[in-house]
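Data block below; observations after.
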Amino acid sequence: MKQATAPRPHTASYYAASVASEPGYPALEGVVSTDVCVVGGGFTGVSTALTLAERGYRVVLLEANRIGWGASGRNGGQLIAGVSGEAKVRRRYGEDIADLLWKMRWLGNDIVHDRVAQYGIDCDLRNGYIEAALKPRQMRGLEAEHRELEARGHPHEFRLLDAAETRATLGTEAYIGSLITMRNGHLHPLKLCLGEARAAHSLGVQIHEGSRVTAIQHGARPRVVTGQGAVEADSVVLAGNAYHALERKHLSGLTFAAGSYIIATEPLPEAVRREINPLDLAVCDTNEIVDYYRLSADGRMLYGGRCNYSGRAPRDIAATIRPRMLKVYPRLQEFRIDYQWGGRIGIVLNRIPALGRINGNVYYVQGYCGHGVNATHIMGEVVADAIAGTMERFDVYERIRHFRIPGGQWFGNQLVALGMLYFRLRDLLP
Ligand SMILES: Cc1cc2nc3c(=O)[nH]c(=O)nc-3n(C[C@H](O)[C@H](O)[C@H](O)COP(=O)(O)OP(=O)(O)OC[C@H]3O[C@@H](n4cnc5c(N)ncnc54)[C@H](O)[C@@H]3O)c2cc1C
């Protein structure tokens with residue numbers, strides 16, 4: 001067997017710097033037999049493994065690097081309801097499945113809240129999210145969202161804010177109005193991912209870090225091969241999202257990696273925090289290519305945004321993101337930037353996550369289009385249901401047709417970049 005590749009450490013983010021060091025999990029050695037083998041230790045993989053373990057399945061989870069090493073341990077930590085492309089899914093099936101989609105939309109938030117309580121996961125979870133409009137057209141979108149929350153009797157607090165109320169809530173003149181939803185919120189994603197992995201492990205999930213999967217041999221019981229071992233299972237779940245290149249025959253051209261980037265200031269004085277975000281909300285603007293930001297538990301501004309589609313991180317992330325932050329908050333000029341980092345998000349052309357099966361027993365789920373903290377938890381449950389034989393929600397997504405771009409990653413990235421140029425231009429329109 002080949003030598004195992006050394007696991008890569010977490011990227012140098014505020015998150016990695018603020019988690020307690022953990023002993024980690026050993027690499028896979030030898031051949032193991034189980035019910036389900038999960039490939040990838042981000043939210044998709046960990047959440048699926050935990051759901052399956054709660055239902056009594058034997059699970060082995062293989063992570064190439066460390067748990068939470070990918071987007072799940074690096075993201076903005078914004079826990080926002082919904083699955084990317086929801087409106088398109090609704091149009092595809094008609095109003096018949098509107099109720100099902102609405103229930104699914106909030107499921108990820110519920111799962112996260114329940115797990116934090118049930119397993120005692122300390123991940124700085126806070127309630128409250130504000131979507132802020134820059135243009136009248138965007139405000140009309142927020143008003144429609146507000147109407148739907150009302151019509152469906154959403155049980156948690158939500159309200160529309162006019163320009164003056166938004167100014168008082170966010171300490172900036174940048175926006176013309178906003179919508180607050182208190183069931184959404186924010187959290188420390190790496191702490192959540194590690195906490196869910198600990199919970200899964202406590203229920204018997206066998207976790208192996210530093211165990212990159214190099215091949216899958218298909219059959220009635222597929223064999224998942226790593227450098228120093230293999231797992232034989234009834235079902236396999238591919239959860240490597242934008243970081244895996246497995247099953248190229250079936251999956252190449254389906255999902256593309258885009259970069260998203262975040263900076264963290266030094267901890268801000270209490271008075272500044274009270275001025276710019278007194279309610280401690282997660283914030284997104286309503287552009288197609290969003291700026292997203294929030295305060296960390298120790299009072300830093302974590303400001304993120306701007307995708308790139310070259311697959312290469314900019315040399316100086318702060319040089320790109322800091323001016324965007326200063327446009328909204330000029331008064332943060334005087335504060336140091338302590339951390340800057342980025343990660344890959346999985347983009348699907350029609351913006352609907354790609355769920356499916358290869359040969360009936362190798363499941364894949366990927367391409368949350370930058371909206372995955374909540375959606376990964378939803379899809380973890382949907383895939384676990386499918387493995388247990390309940391297909392209703394899996395079918396909704398599996399039946400969506402996805403366009404695969406021929407010509408490999410480079411060509412695909414150019415097309416996605418073109419699509420994003422379109423969205424950027426739309427953001428410039430009034
Ligand atoms: C900078 C940034 C900010 C974001 N902000 C937000 C936000 O605020 N809110 C939100 O909802 N979403 C956000 N997202 C998106 C969100 O983080 C992702 O949608 C989500 O984390 C995807 O989780 P995942 O488990 O599918 O993939 P990942 O977390 O990327 O995990 C994939 C894992 O698979 C492993 N892997 C890959 N190949 C193999 C292999 N061959 N063998 C074994 N393991 C393998 C990788 O090492 C990795 O750990 C952001 C993303 C980024 C990058």
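Every chain in the structure tokens takes a letter, A first, then B, and so on in the order presented; its residues are numbered from 1, and the ligands are numbered from 1 following the presented order.
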
* To do: Quick one: everything within 8 Å of stretch 320-322 of chain A, counting only C-alpha atoms, minus sequence neighbours fewer than 5 positions away in the same chain. Send it as a PyMOL selection string.
  => chain A and resi 261-263+303-306

* To do: Write out as a list in words all residues of stretch 23-135 of chain A that DSSP puts in strand (DSSP E or B) for this structure's backbone.
  =>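 Output for stretch 23-135 of chain A, strand (DSSP E or B) only: Gly30, Val31, Val32, Ser33, Thr34, Asp35, Val36, Cys37, Val38, Val39, Val59, Val60, Leu61, Leu62, Gln78, Leu79, Arg126, Asn127, Gly128, Tyr129, Ile130, Glu131, Ala132 and Ala133 of chain A.
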
* Can you tell me, as number ranges by chain, what residues are no more than 12 Å from A:Arg147 when counting only C-alpha atoms, ignoring any on the same chain fewer than 4 positions away? -> A: 140-143, 151-154, 158-160, 179

Print the selection's residues with C-alpha atoms to a file, as a tab-separated table (two decimals), in the first residue's frame.
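Okay, part00.tsv is ready:
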chain	number	residue	atom	x	y	z
A	140	ARG	CA	-38.55	44.85	-2.03
A	141	GLY	CA	-37.02	41.37	-1.84
A	142	LEU	CA	-36.74	41.66	1.95
A	143	GLU	CA	-40.35	42.84	2.16
A	151	ALA	CA	-47.97	34.09	6.01
A	152	ARG	CA	-46.34	30.92	7.33
A	153	GLY	CA	-46.65	31.97	10.96
A	154	HIS	CA	-42.90	31.78	11.59
A	158	PHE	CA	-38.56	38.83	12.84
A	159	ARG	CA	-39.03	42.45	11.77
A	160	LEU	CA	-38.37	44.91	8.97
A	179	LEU	CA	-34.79	42.46	7.85

* May I have the residues within 8 Å of stretch 182-195 of chain A as a VMD selection string, using only C-alpha atoms and disregarding those fewer than 4 positions away in the same chain? => chain A and resid 15 to 16 19 42 to 43 46 67 to 68 72 to 81 109 116 119 121 to 129 156 to 158 199 281 to 282 294 296 373

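Here atom CA of A:Glu145 and atom 27 (O, counted along the ligand's line) of ligand 1 stand 27.9 Å from one another.
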
* **Contacts to ligand 1 at 7 Å cut-off (only C-alpha atoms and all ligand atoms) as a PyMOL selection string** => chain A and resi 39-45+62-80+211-214+239-246+259-262+292+304+342-346+366+368-376

Given the selection you just returned, output its residues as a file containing C-alpha atoms, formatted as a compact mmCIF listing (two decimals), in the first residue's frame.
# COMPACT_ATOMS: atom_id res chain seq x y z
CA VAL A 39 -15.42 10.63 3.16
CA GLY A 40 -14.68 14.17 4.39
CA GLY A 41 -14.70 15.65 7.88
CA GLY A 42 -16.48 18.97 7.30
CA PHE A 43 -20.06 19.72 8.35
CA THR A 44 -21.53 17.48 5.63
CA GLY A 45 -19.49 14.47 6.63
CA LEU A 62 -12.20 9.39 6.78
CA GLU A 63 -10.71 12.90 6.66
CA ALA A 64 -7.65 13.69 4.55
CA ASN A 65 -6.41 16.41 6.91
CA ARG A 66 -8.04 17.45 10.19
CA ILE A 67 -11.71 17.58 11.19
CA GLY A 68 -13.02 20.99 10.04
CA TRP A 69 -9.96 21.61 7.85
CA GLY A 70 -12.00 22.68 4.79
CA ALA A 71 -14.67 25.36 4.42
CA SER A 72 -16.46 24.17 7.57
CA GLY A 73 -13.65 25.30 9.85
CA ARG A 74 -12.99 28.57 8.01
CA ASN A 75 -16.34 30.15 7.14
CA GLY A 76 -18.11 33.30 8.29
CA GLY A 77 -20.02 31.33 10.92
CA GLN A 78 -23.33 32.72 9.74
CA LEU A 79 -26.15 30.29 10.45
CA ILE A 80 -28.76 31.31 7.90
CA SER A 211 -6.60 9.48 5.83
CA ARG A 212 -7.03 10.72 2.29
CA VAL A 213 -9.23 8.51 0.15
CA THR A 214 -7.49 7.74 -3.11
CA ALA A 239 -18.60 14.74 1.53
CA GLY A 240 -15.39 16.32 0.25
CA ASN A 241 -17.28 19.15 -1.49
CA ALA A 242 -14.92 21.63 -3.23
CA TYR A 243 -11.85 19.83 -1.88
CA HIS A 244 -12.24 16.39 -3.42
CA ALA A 245 -11.54 15.02 -6.86
CA LEU A 246 -13.00 11.55 -6.43
CA GLY A 259 -12.49 31.32 -3.09
CA SER A 260 -14.07 33.40 -0.34
CA TYR A 261 -12.00 35.47 2.09
CA ILE A 262 -12.23 36.84 5.62
CA TYR A 292 -20.86 39.16 5.30
CA GLY A 304 -15.75 38.51 4.62
CA GLY A 342 -9.78 32.06 2.83
CA GLY A 343 -11.28 28.79 1.75
CA ARG A 344 -13.02 27.09 -1.13
CA ILE A 345 -16.73 27.05 -1.65
CA GLY A 346 -18.38 24.58 -4.01
CA GLN A 366 -21.80 19.00 -2.62
CA TYR A 368 -23.79 24.67 -1.37
CA CYS A 369 -22.71 27.83 -3.22
CA GLY A 370 -21.34 29.54 -0.12
CA HIS A 371 -24.40 28.90 2.01
CA GLY A 372 -23.57 25.73 3.87
CA VAL A 373 -23.49 26.06 7.66
CA ASN A 374 -27.20 25.33 7.85
CA ALA A 375 -27.60 23.49 4.52
CA THR A 376 -24.91 20.88 5.29

* **Those of stretch 189-415 of chain A in DSSP helix (DSSP H, G or I), formatted as a ChimeraX atom specification** => /A:189-202,241-243,248-251,270-276,317-328,330-334,373-387,392-398,408-415

* **Among listed residues A:Pro314, A:Gly227, A:Pro406, A:Pro330, nearest A:Val272 (using only C-alpha atoms)** =>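 Among the listed residues, A:Pro330 lies closest to A:Val272.
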
* **Residue neighbourhood stretch 356-365 of chain A, 7 Å, only C-alpha atoms, exclusion window fewer than 4 positions, as number ranges by chain** => A: 235-239, 398

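Considering only C-alpha atoms, the residue among A:Val60, A:Glu131, A:Gly108, A:Ala257 positioned nearest to A:Val290 is A:Glu131.
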
* Which of A:Gly85, A:Pro269, A:Pro155, A:Gly30 sits closest to A:Val231 [using only C-alpha atoms] -> A:Gly30
